[in-house]
Amino acid sequence: MIIVMKAGAAKKDRDEVLKRIRELGYKPHVIHGTTRDVIGAVGDERGKLVLQSLESMHGVESVVPILQPYKLASKEVKREQSVIRVTDDVSVGGSQIVVMAGPCSVESEEQIIETALAVRDAGAHMLRGGAYKPRTSPYSFQGLEEEGLRLLSKAREVSGLPFVTEVVNPETVELVAEYADMLQIGARNAQNFALLKKVGQLRKPVLLKRGMSMTIQEFLMSAEYVMSEGNQAVVLCERGIRTFETATRNTLDLSAIPVLKQKTHLPVIADPSHGTGNYHYVAAMAYAAVAAGADGLMIEVHSDPEHASSDGPQSLKPSKFALLMERLKLFAAASDRTL
Ligand code: PEP
Ligand code: MN
C-alpha cells in the first residue's frame, strides 16, 4: 500500500504513521517527494486491508494499493525519476548520460591505470573493471580478487574517476563495498536472492544487470529485493538477453529501455558490449540506447583486446572509444541530454 502524506504534513504525524505501519507488521519505506512524502508499506499482501485504517490518521491524505508486484521500484509509489548519487560529481538518472568504461577484468596496475586515464580523457564519468569474475567456465580467469580492488582504488586516485565493480557472492559484499563506489550485480547473479538482500542492507549504489533469461517483470522484482532491504539506490542495466540469434553474443533488448522507463522511477543504462559481444557493433548500439532513453552506458575498453583475459572480442581500443564518445555527443543532444 502507498500512504500519501498531505503536502506539508508534520514530521510528528509521519513518525506516528511509520510507527503504526510497523505495529501492523509491515515495513515502511519513506519516499521524499518534491511537495509531499509518500510511504510505501510492504509486507504480506493478504492483510493489506488493515492498512486502509491509516487513512484516518493525522497528516494522511490517502491510502492506495500498489497494483504491481514490484512495489518500491514502481512508478506508482514514486512518479518522479530517481537520481542515484554515486559521488558528489556523478549521479545517474539526471540530465547527464553517465558513461562507465574500462576493461572487463582488472589484469595489472599498468593496464587499469592506463585505461582509466584513457577513458577519462575521452570523457567517461566512471571506471569499470571486474576484480571478481563470474565466469561460465571454472577454467577461465577468475579475477585478481582483493588485489584487483586495490588496483581499481589506485586507478581512481590517479584518474579521479569513481569505479563500479562486480560482487559475486554475499560473503565478499562488505569487502568489495569498502573499496568500490558502486556495486555491480552481474547477469549470472541477477536472481541470487541472498546476494540481492545483502547489497540491500548497505548504503552503496547498486548497478543491477538483467539476467540473460529474465523478463522485465522478473528484473524489476530483483530490484525490489534490494530496495525492500532499505537500499533505494538501484540503477538497472540492460545487457542483452539470450534469443535464438547466434550472430551476436546476446540480443540487446533496446525496447526494454522505454518499457522500464514507463514502469519504474529507477535509472536505466545499457551495456552494448555484452549486449552484442562484438566490438564492431558496440558504437551503433550505444547510440541507439541513448536514442531509446538510456540514462547511461557501460562499455568495455581494452588497449590490447587480442590479449585481454576476458571479453577481448567485444572490447573497444581507447581510440575507438574516444571516437564513440565524440559522436555520442550528437545523440545525447538530440535526446535533450548532456554527456
Ligand atoms: C561484466 O560486466 O563484465 C559482466 C560479467 O557482465 P554480465 O554480468 O552482464 O555478463
Ligand atoms: Mn565482460
# chains A, B, ... in the order shown; residues from 1 in each chain; ligands from 1

call {"tool": "residues_around", "arguments": {"residues": "region 272-283 of chain A", "least_positions_apart": "2", "cutoff": "7 Å", "atoms": "only C-alpha atoms", "output": "list in words"}}
result
Arg239, Gly240, Thr248, Arg249, Asn250, Thr251, Leu252, Ala270, Met285, Ala286, Tyr287, Ile299, Glu300, Pro313, Gln314, Ser315, Leu316 and Leu324 of chain A

call {"tool": "write_last_selection", "arguments": {"atoms": "all heavy atoms", "output": "short mmCIF file (atom, residue, chain, number, x, y, z; two decimals), in the first residue's frame"}}
result
data_model
loop_
_atom_site.label_atom_id
_atom_site.label_comp_id
_atom_site.auth_asym_id
_atom_site.auth_seq_id
_atom_site.Cartn_x
_atom_site.Cartn_y
_atom_site.Cartn_z
N ARG A 239 21.59 -5.56 -20.59
CA ARG A 239 22.87 -6.05 -21.13
C ARG A 239 22.69 -7.17 -22.15
O ARG A 239 23.61 -7.89 -22.48
CB ARG A 239 23.84 -6.47 -20.02
CG ARG A 239 23.26 -7.38 -18.98
CD ARG A 239 23.09 -8.83 -19.40
NE ARG A 239 24.38 -9.51 -19.49
CZ ARG A 239 24.59 -10.60 -20.20
NH1 ARG A 239 23.60 -11.15 -20.91
NH2 ARG A 239 25.78 -11.19 -20.23
N GLY A 240 21.46 -7.29 -22.66
CA GLY A 240 21.23 -8.32 -23.66
C GLY A 240 20.66 -9.58 -23.05
O GLY A 240 21.00 -9.96 -21.94
N THR A 248 25.09 -12.50 -32.79
CA THR A 248 25.60 -11.66 -31.70
C THR A 248 25.60 -12.52 -30.44
O THR A 248 24.87 -13.51 -30.35
CB THR A 248 24.69 -10.44 -31.48
OG1 THR A 248 23.33 -10.87 -31.45
CG2 THR A 248 24.87 -9.40 -32.58
N ARG A 249 26.43 -12.12 -29.46
CA ARG A 249 26.55 -12.92 -28.23
C ARG A 249 25.22 -12.98 -27.48
O ARG A 249 24.83 -13.99 -26.94
CB ARG A 249 27.63 -12.29 -27.36
CG ARG A 249 27.90 -13.02 -26.06
CD ARG A 249 29.01 -12.33 -25.26
NE ARG A 249 29.24 -13.01 -24.00
CZ ARG A 249 30.05 -12.56 -23.06
NH1 ARG A 249 30.74 -11.44 -23.24
NH2 ARG A 249 30.22 -13.23 -21.94
N ASN A 250 24.56 -11.81 -27.40
CA ASN A 250 23.23 -11.71 -26.82
C ASN A 250 22.41 -10.82 -27.74
O ASN A 250 22.94 -10.28 -28.70
CB ASN A 250 23.30 -11.07 -25.42
CG ASN A 250 23.99 -11.96 -24.42
OD1 ASN A 250 23.46 -12.98 -23.98
ND2 ASN A 250 25.22 -11.60 -24.04
N THR A 251 21.14 -10.65 -27.44
CA THR A 251 20.33 -9.70 -28.18
C THR A 251 20.05 -8.53 -27.25
O THR A 251 19.36 -8.70 -26.23
CB THR A 251 19.00 -10.36 -28.64
OG1 THR A 251 19.33 -11.44 -29.52
CG2 THR A 251 18.12 -9.35 -29.37
N LEU A 252 20.65 -7.38 -27.55
CA LEU A 252 20.44 -6.21 -26.68
C LEU A 252 18.98 -5.78 -26.84
O LEU A 252 18.56 -5.39 -27.92
CB LEU A 252 21.40 -5.08 -27.08
CG LEU A 252 21.40 -3.88 -26.12
CD1 LEU A 252 21.94 -4.26 -24.74
CD2 LEU A 252 22.22 -2.73 -26.69
N ALA A 270 22.48 1.03 -20.47
CA ALA A 270 22.62 -0.10 -21.39
C ALA A 270 24.09 -0.49 -21.53
O ALA A 270 24.98 0.36 -21.43
CB ALA A 270 22.05 0.27 -22.75
N MET A 285 25.04 0.39 -31.21
CA MET A 285 24.05 0.08 -30.17
C MET A 285 24.12 1.08 -29.01
O MET A 285 23.12 1.31 -28.33
CB MET A 285 24.23 -1.36 -29.67
CG MET A 285 23.99 -2.41 -30.74
SD MET A 285 22.48 -2.13 -31.71
CE MET A 285 21.27 -2.81 -30.62
N ALA A 286 25.28 1.68 -28.81
CA ALA A 286 25.40 2.73 -27.78
C ALA A 286 24.55 3.94 -28.19
O ALA A 286 23.78 4.48 -27.38
CB ALA A 286 26.86 3.13 -27.58
N TYR A 287 24.68 4.34 -29.44
CA TYR A 287 23.89 5.49 -29.91
C TYR A 287 22.40 5.17 -29.82
O TYR A 287 21.58 5.99 -29.40
CB TYR A 287 24.23 5.83 -31.37
CG TYR A 287 25.70 6.05 -31.66
CD1 TYR A 287 26.25 5.67 -32.88
CD2 TYR A 287 26.53 6.64 -30.71
CE1 TYR A 287 27.61 5.86 -33.15
CE2 TYR A 287 27.89 6.83 -30.98
CZ TYR A 287 28.41 6.43 -32.20
OH TYR A 287 29.74 6.61 -32.45
N ILE A 299 30.59 0.41 -21.08
CA ILE A 299 31.32 0.00 -22.29
C ILE A 299 32.69 -0.57 -21.91
O ILE A 299 33.43 0.03 -21.13
CB ILE A 299 31.47 1.20 -23.25
CG1 ILE A 299 30.07 1.60 -23.73
CG2 ILE A 299 32.38 0.86 -24.43
CD1 ILE A 299 30.02 2.81 -24.62
N GLU A 300 33.01 -1.73 -22.49
CA GLU A 300 34.31 -2.35 -22.20
C GLU A 300 35.39 -1.79 -23.12
O GLU A 300 35.20 -1.72 -24.35
CB GLU A 300 34.20 -3.87 -22.31
CG GLU A 300 33.44 -4.42 -21.11
CD GLU A 300 33.41 -5.93 -20.99
OE1 GLU A 300 33.61 -6.63 -22.01
OE2 GLU A 300 33.15 -6.41 -19.87
N PRO A 313 37.03 -9.79 -27.55
CA PRO A 313 36.33 -9.54 -28.83
C PRO A 313 35.31 -8.41 -28.79
O PRO A 313 35.00 -7.82 -29.82
CB PRO A 313 35.64 -10.88 -29.11
CG PRO A 313 36.43 -11.90 -28.35
CD PRO A 313 36.94 -11.20 -27.13
N GLN A 314 34.81 -8.09 -27.59
CA GLN A 314 33.79 -7.03 -27.52
C GLN A 314 34.37 -5.72 -26.97
O GLN A 314 33.63 -4.75 -26.78
CB GLN A 314 32.62 -7.48 -26.65
CG GLN A 314 32.96 -7.67 -25.18
CD GLN A 314 31.90 -8.45 -24.42
OE1 GLN A 314 31.29 -9.36 -24.95
NE2 GLN A 314 31.66 -8.10 -23.17
N SER A 315 35.69 -5.71 -26.71
CA SER A 315 36.30 -4.52 -26.10
C SER A 315 36.78 -3.55 -27.17
O SER A 315 37.38 -3.94 -28.16
CB SER A 315 37.47 -4.93 -25.21
OG SER A 315 36.99 -5.76 -24.18
N LEU A 316 36.53 -2.27 -26.92
CA LEU A 316 36.99 -1.23 -27.84
C LEU A 316 38.39 -0.81 -27.44
O LEU A 316 38.70 -0.71 -26.25
CB LEU A 316 36.08 -0.01 -27.75
CG LEU A 316 34.65 -0.15 -28.25
CD1 LEU A 316 33.88 1.15 -28.02
CD2 LEU A 316 34.63 -0.52 -29.74
N LEU A 324 33.76 7.08 -30.34
CA LEU A 324 32.37 6.83 -29.94
C LEU A 324 31.86 7.98 -29.05
O LEU A 324 30.77 8.51 -29.25
CB LEU A 324 32.29 5.49 -29.18
CG LEU A 324 30.95 5.02 -28.62
CD1 LEU A 324 31.00 3.50 -28.38
CD2 LEU A 324 30.54 5.68 -27.31
#

call {"tool": "residues_near_ligand", "arguments": {"ligand": "ligand 1", "cutoff": "8 Å", "atoms": "only C-alpha atoms and all ligand atoms", "output": "list in words"}}
result
Pro103, Cys104, Ser105, Gly129, Gly130, Lys133, Pro134, Arg135, Glu166, Gln184, Ile185, Gly186, Ala187, Arg188, Asn189, Lys209, Arg210, Gly211, Met212, Arg239, Gly240, Asp271, His274, Gly275, Glu300 and Asp311 of chain A

call {"tool": "residues_around", "arguments": {"residues": "Leu144 (chain A)", "least_positions_apart": "4", "cutoff": "9 Å", "atoms": "only C-alpha atoms", "output": "list in words"}}
result
Ser105, Val106, Glu107, Ser108, Gly130, Ala131, Tyr132, Lys133, Gly148 and Leu149 of chain A

call {"tool": "closest_residue", "arguments": {"among": "A:Ala284, A:Leu220, A:Ala322, A:Ala101", "to": "ligand 2", "atoms": "only C-alpha atoms and all ligand atoms"}}
result
A:Ala101

call {"tool": "residues_around", "arguments": {"residues": "region 93-96 of chain A", "least_positions_apart": "6", "cutoff": "7 Å", "atoms": "only C-alpha atoms", "output": "PDB file with C-alpha atoms, in the first residue's frame"}}
result
ATOM      1  CA  GLN A  81      12.568   9.833 -11.912  1.00  0.00           C
ATOM      2  CA  SER A  82      15.124   8.793  -9.281  1.00  0.00           C
ATOM      3  CA  VAL A  83      18.573  10.282  -9.482  1.00  0.00           C
ATOM      4  CA  ILE A  84      21.121   7.945  -7.933  1.00  0.00           C
ATOM      5  CA  PRO A 267      17.520   4.950 -13.880  1.00  0.00           C
ATOM      6  CA  ASP A 295      20.449   7.245 -18.683  1.00  0.00           C
ATOM      7  CA  ARG A 337      20.746  15.167 -22.650  1.00  0.00           C
ATOM      8  CA  THR A 338      24.297  16.165 -21.916  1.00  0.00           C
ATOM      9  CA  LEU A 339      27.318  13.938 -21.878  1.00  0.00           C
TER      10      LEU A 339
END

call {"tool": "closest_residue", "arguments": {"among": "A:Ile241, A:Met57, A:Ala155, A:Val30", "to": "Gly102 (chain A)", "atoms": "only C-alpha atoms"}}
result
A:Ala155

call {"tool": "atom_distance", "arguments": {"atom1": "CA of Phe163 (chain A)", "atom2": "CA of Lys263 (chain A)"}}
result
27.9 Å

call {"tool": "closest_residue", "arguments": {"among": "A:His29, A:Arg79, A:Arg36, A:Lys12", "to": "Glu61 (chain A)", "atoms": "only C-alpha atoms"}}
result
A:Arg36

call {"tool": "residues_around", "arguments": {"residues": "Ala124 (chain A)", "least_positions_apart": "4", "cutoff": "7 Å", "atoms": "only C-alpha atoms", "output": "list in words"}}
result
Val99, Met100, Ala101, Val119 and Arg120 of chain A

call {"tool": "atom_distance", "arguments": {"atom1": "CA of Leu161 (chain A)", "atom2": "CA of Ser335 (chain A)"}}
result
25.0 Å

call {"tool": "decode", "arguments": {"residues": "region 40-60 of chain A", "atoms": "N, CA, C and O atoms", "output": "mmCIF file, in the first residue's frame"}}
result
data_model
loop_
_atom_site.group_PDB
_atom_site.id
_atom_site.type_symbol
_atom_site.label_atom_id
_atom_site.label_comp_id
_atom_site.auth_asym_id
_atom_site.auth_seq_id
_atom_site.Cartn_x
_atom_site.Cartn_y
_atom_site.Cartn_z
ATOM 1 N N GLY A 40 5.743 3.834 1.421
ATOM 2 C CA GLY A 40 5.387 2.522 0.895
ATOM 3 C C GLY A 40 5.352 1.565 2.072
ATOM 4 O O GLY A 40 6.317 1.499 2.835
ATOM 5 N N ALA A 41 4.252 0.860 2.252
ATOM 6 C CA ALA A 41 4.179 -0.141 3.318
ATOM 7 C C ALA A 41 4.164 -1.492 2.649
ATOM 8 O O ALA A 41 3.208 -1.830 1.942
ATOM 9 N N VAL A 42 5.240 -2.247 2.802
ATOM 10 C CA VAL A 42 5.297 -3.528 2.111
ATOM 11 C C VAL A 42 5.345 -4.674 3.106
ATOM 12 O O VAL A 42 5.901 -4.556 4.198
ATOM 13 N N GLY A 43 4.749 -5.763 2.695
ATOM 14 C CA GLY A 43 4.673 -6.937 3.553
ATOM 15 C C GLY A 43 3.637 -7.878 2.997
ATOM 16 O O GLY A 43 3.322 -7.824 1.802
ATOM 17 N N ASP A 44 3.110 -8.700 3.857
ATOM 18 C CA ASP A 44 2.144 -9.713 3.446
ATOM 19 C C ASP A 44 0.943 -9.076 2.742
ATOM 20 O O ASP A 44 0.231 -8.253 3.307
ATOM 21 N N GLU A 45 0.734 -9.490 1.490
ATOM 22 C CA GLU A 45 -0.353 -8.935 0.675
ATOM 23 C C GLU A 45 -1.740 -9.215 1.253
ATOM 24 O O GLU A 45 -2.657 -8.450 1.075
ATOM 25 N N ARG A 46 -1.855 -10.350 1.963
ATOM 26 C CA ARG A 46 -3.190 -10.797 2.381
ATOM 27 C C ARG A 46 -3.857 -9.848 3.369
ATOM 28 O O ARG A 46 -5.054 -9.655 3.366
ATOM 29 N N GLY A 47 -3.030 -9.248 4.258
ATOM 30 C CA GLY A 47 -3.630 -8.423 5.307
ATOM 31 C C GLY A 47 -3.646 -6.943 4.994
ATOM 32 O O GLY A 47 -3.797 -6.117 5.880
ATOM 33 N N LYS A 48 -3.496 -6.628 3.691
ATOM 34 C CA LYS A 48 -3.275 -5.215 3.360
ATOM 35 C C LYS A 48 -4.453 -4.295 3.700
ATOM 36 O O LYS A 48 -4.267 -3.098 3.855
ATOM 37 N N LEU A 49 -5.649 -4.879 3.853
ATOM 38 C CA LEU A 49 -6.806 -4.027 4.142
ATOM 39 C C LEU A 49 -6.687 -3.306 5.484
ATOM 40 O O LEU A 49 -7.207 -2.197 5.650
ATOM 41 N N VAL A 50 -5.943 -3.933 6.425
ATOM 42 C CA VAL A 50 -5.803 -3.271 7.730
ATOM 43 C C VAL A 50 -5.071 -1.940 7.576
ATOM 44 O O VAL A 50 -5.268 -1.018 8.362
ATOM 45 N N LEU A 51 -4.249 -1.838 6.546
ATOM 46 C CA LEU A 51 -3.520 -0.580 6.327
ATOM 47 C C LEU A 51 -4.453 0.561 5.940
ATOM 48 O O LEU A 51 -4.131 1.734 6.123
ATOM 49 N N GLN A 52 -5.592 0.196 5.393
ATOM 50 C CA GLN A 52 -6.559 1.213 4.983
ATOM 51 C C GLN A 52 -6.951 2.107 6.169
ATOM 52 O O GLN A 52 -7.260 3.283 5.999
ATOM 53 N N SER A 53 -6.891 1.537 7.383
ATOM 54 C CA SER A 53 -7.285 2.291 8.583
ATOM 55 C C SER A 53 -6.372 3.494 8.824
ATOM 56 O O SER A 53 -6.732 4.427 9.542
ATOM 57 N N LEU A 54 -5.199 3.497 8.201
ATOM 58 C CA LEU A 54 -4.268 4.625 8.389
ATOM 59 C C LEU A 54 -4.838 5.913 7.798
ATOM 60 O O LEU A 54 -4.392 7.007 8.119
ATOM 61 N N GLU A 55 -5.817 5.767 6.935
ATOM 62 C CA GLU A 55 -6.397 6.916 6.247
ATOM 63 C C GLU A 55 -6.958 7.949 7.231
ATOM 64 O O GLU A 55 -7.007 9.133 6.935
ATOM 65 N N SER A 56 -7.344 7.459 8.423
ATOM 66 C CA SER A 56 -7.933 8.394 9.389
ATOM 67 C C SER A 56 -6.866 9.074 10.254
ATOM 68 O O SER A 56 -7.183 9.894 11.103
ATOM 69 N N MET A 57 -5.594 8.745 10.031
ATOM 70 C CA MET A 57 -4.553 9.351 10.879
ATOM 71 C C MET A 57 -4.243 10.779 10.441
ATOM 72 O O MET A 57 -4.400 11.145 9.272
ATOM 73 N N HIS A 58 -3.729 11.534 11.389
ATOM 74 C CA HIS A 58 -3.339 12.923 11.159
ATOM 75 C C HIS A 58 -2.287 13.029 10.072
ATOM 76 O O HIS A 58 -1.304 12.295 10.096
ATOM 77 N N GLY A 59 -2.465 13.944 9.149
ATOM 78 C CA GLY A 59 -1.435 14.191 8.140
ATOM 79 C C GLY A 59 -1.510 13.272 6.936
ATOM 80 O O GLY A 59 -0.770 13.441 5.973
ATOM 81 N N VAL A 60 -2.411 12.270 6.986
ATOM 82 C CA VAL A 60 -2.507 11.323 5.868
ATOM 83 C C VAL A 60 -3.559 11.810 4.874
ATOM 84 O O VAL A 60 -4.663 12.173 5.262
#
